[in-house]
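K.L.:
Below is a structure I'd like to ask you about.
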Amino acid sequence: MRGPGGRPVLDVRTLTRVLFERLAELPPDAPERERVRAALIEVNIPLVRYAATRFRSRSEPMEDVVQVGTIGLINAIDRFDPERGVQFPTYALPTILGEIKRYFRDNVRTMHVPRRLQELWVQVSGAMEELTVLHGRAPKVPEIAASLRIPEEDVRACLDAGRAYNAASLEAAQEHEGGLALLDRLGYEDAALAEVEHRDMVRHLLVQLPERERRIVMLRFFANLTQSQISTELGMSQMHVSRLLSRILTRLRTGNSWED
């Protein structure tokens with residue numbers, strides 16, 4: 001690799017190896033250790049950003065995810081042993097991803113999702129990115145399932161779980177709904193529903209009344225006529241109307257059939 005002015009520079013892997021070798025040479029209390037450690041962090045930040053791109057479909061700002069991933073990078077630097085013969089990126093990437101996944105699991109998700117689906121979401125998300133690049137479009141569920149060799153039902157469940165990070169506020173305005181809050185679009189309890197059963201019972205009892213008595217009830221309680229007006233309407237005395245009403249109401253209250 002060449003830097004500004006054509007000067008040769010070390011590639012990231014080689015520079016990382018050199019810095020770890022230098023870190024191993026320094027005593028624990030050497031002031032230079034912090035500078036070497038800081039250089040290792042800076043050199044490997046692109047690895048953190050690469051890991052963070054796997055979570056770009058989440059609602060969290062990417063810089064926040066990178067900061068969390070950087071904590072995983074620092075932990076990997078502090079624990080890495082070059083003598084084991086493993087490349088640092090190979091060792092560090094699972095640690096970085098684990099830190100980010102733990103962040104989403106413990107600090108972001110407000111809805112409980114089974115751990116199996118949480119872990120599967122990482123695979124599905126990665127497959128979606130690869131297939132998007134391969135086909136130049138968003139992949140379909142069958143394509144994701146075929147790529148990961150898992151049932152389509154698991155992919156659909158995983159996609160739903162992957163989006164279930166925050167519960168929507170009922171009072172939050174929805175832009176695509178003209179500014180209406182979710183609460184404004186929900187159904188409400190109709191107070192008249194409590195009377196449905198009563199009205200049905202009354203209707204059942206009324207049909208059992210003889211025509212004249214049923215008409216008296218309708219005029220009194222539905223047309224709101226007085227007993228005097230009913231007597232005029234039906235051509236009978238007000239006293240007779242009063243006695244009939246009393247008798248009718250007694251029958252209706254007890255639920256008994258009408259008997260002459």
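Chains: A, B, ... in order of the structure tokens. Residues: from 1 per chain. Ligands: from 1, in order shown.
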Which neighbours of stretch 61-63 of chain A fall inside 8 Å, counting only C-alpha atoms, when residues of the same chain fewer than 5 positions from it are skipped, and could you give them as a VMD selection string?
P.N.:
chain A and resid 52 to 53 56
K.L.:
Residues near stretch 124-130 of chain A, anyone? I mean within 7 Å using only C-alpha atoms, not counting same-chain ones fewer than 3 positions away, as a ChimeraX atom specification.
P.N.:
/A:54,120-121,133-134,139,144
K.L.:
In Å, how far is it from atom CA of A:Val36 to atom CA of A:Leu19?
P.N.:
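These atoms are spaced 6.4 Å apart.
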K.L.:
Taking only C-alpha atoms into account, which of A:Arg35, A:Phe88, A:Ile216, A:Ala223 comes nearest A:Met236?
P.N.:
A:Ile216
K.L.:
Using only C-alpha atoms, determine which residues lie at most 12 Å from stretch 154-158 of chain A, disregarding the query and same-chain residues fewer than 4 positions distant; provide the list as a PyMOL selection string.
P.N.:
chain A and resi 113-125+127-128+139-150+162-164
K.L.:
So which residues touch A:Arg22 within 10 Å, counting only C-alpha atoms, skipping near sequence neighbours fewer than 6 positions away, as a list in words?
P.N.:
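Once the adjacent positions are removed, what remains is Thr16, Glu32, Arg33, Val36 and Arg37 of chain A.
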K.L.:
So that I have them on file, write out the residues from the current selection with N, CA, C and O atoms, as a CSV table (one decimal), in the first residue's frame.
P.N.:
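This is the output file part_21.csv:
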chain,number,residue,atom,x,y,z
A,16,THR,N,-1.5,-4.0,12.7
A,16,THR,CA,-2.1,-4.5,14.0
A,16,THR,C,-1.1,-5.5,14.6
A,16,THR,O,-0.9,-5.5,15.8
A,32,GLU,N,3.9,4.1,27.6
A,32,GLU,CA,3.6,4.0,26.1
A,32,GLU,C,2.5,3.0,25.8
A,32,GLU,O,2.0,3.0,24.7
A,33,ARG,N,2.2,2.1,26.8
A,33,ARG,CA,1.2,1.1,26.5
A,33,ARG,C,-0.2,1.7,26.1
A,33,ARG,O,-0.8,1.2,25.2
A,36,VAL,N,0.0,2.8,22.5
A,36,VAL,CA,0.0,1.7,21.5
A,36,VAL,C,-1.5,1.1,21.5
A,36,VAL,O,-2.0,0.8,20.5
A,37,ARG,N,-2.1,1.0,22.7
A,37,ARG,CA,-3.5,0.6,22.8
A,37,ARG,C,-4.4,1.5,22.0
A,37,ARG,O,-5.3,1.0,21.3
K.L.:
Excluding A:Ile100 and its own-chain neighbours fewer than 3 positions away, which residues fall within 10 Å of it when counting only C-alpha atoms? Please give them as a list in words.
P.N.:
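In the requested form, the answer reads Val48, Ala51, Ala52, Phe55, Asp64, Val65, Val66, Gln67, Val68, Gly69, Thr70, Ile71, Gly72, Pro94, Thr95, Ile96, Leu97, Tyr103, Phe104 and Arg105 of chain A.
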K.L.:
I need the chosen residues saved as a PDB file, in the first residue's frame, with C-alpha atoms.
P.N.:
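Final file, again-v2.pdb:
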ATOM      1  CA  VAL A  48     -16.290  -2.038  14.120  1.00  0.00           C
ATOM      2  CA  ALA A  51     -19.842  -5.114  12.116  1.00  0.00           C
ATOM      3  CA  ALA A  52     -22.234  -2.225  12.776  1.00  0.00           C
ATOM      4  CA  PHE A  55     -27.551  -3.727  12.285  1.00  0.00           C
ATOM      5  CA  ASP A  64     -24.462   4.730  18.674  1.00  0.00           C
ATOM      6  CA  VAL A  65     -24.034   1.184  17.408  1.00  0.00           C
ATOM      7  CA  VAL A  66     -20.412   1.951  16.448  1.00  0.00           C
ATOM      8  CA  GLN A  67     -19.718   3.281  19.946  1.00  0.00           C
ATOM      9  CA  VAL A  68     -21.090   0.089  21.477  1.00  0.00           C
ATOM     10  CA  GLY A  69     -19.070  -2.005  19.030  1.00  0.00           C
ATOM     11  CA  THR A  70     -15.951  -0.054  19.990  1.00  0.00           C
ATOM     12  CA  ILE A  71     -16.382  -1.308  23.555  1.00  0.00           C
ATOM     13  CA  GLY A  72     -16.288  -4.842  22.147  1.00  0.00           C
ATOM     14  CA  PRO A  94     -17.406 -12.153  17.359  1.00  0.00           C
ATOM     15  CA  THR A  95     -16.595 -10.053  20.433  1.00  0.00           C
ATOM     16  CA  ILE A  96     -17.711  -6.850  18.704  1.00  0.00           C
ATOM     17  CA  LEU A  97     -20.903  -8.454  17.396  1.00  0.00           C
ATOM     18  CA  TYR A 103     -26.758  -3.781  23.728  1.00  0.00           C
ATOM     19  CA  PHE A 104     -29.864  -4.328  21.630  1.00  0.00           C
ATOM     20  CA  ARG A 105     -31.078  -7.123  23.880  1.00  0.00           C
TER      21      ARG A 105
END
K.L.:
Looking only at helix (DSSP H, G or I) from DSSP on the backbone, list the matching residues of stretch 53-136 of chain A as a PyMOL selection string.
P.N.:
chain A and resi 53-55+62-79+82-84+88-108+115-135
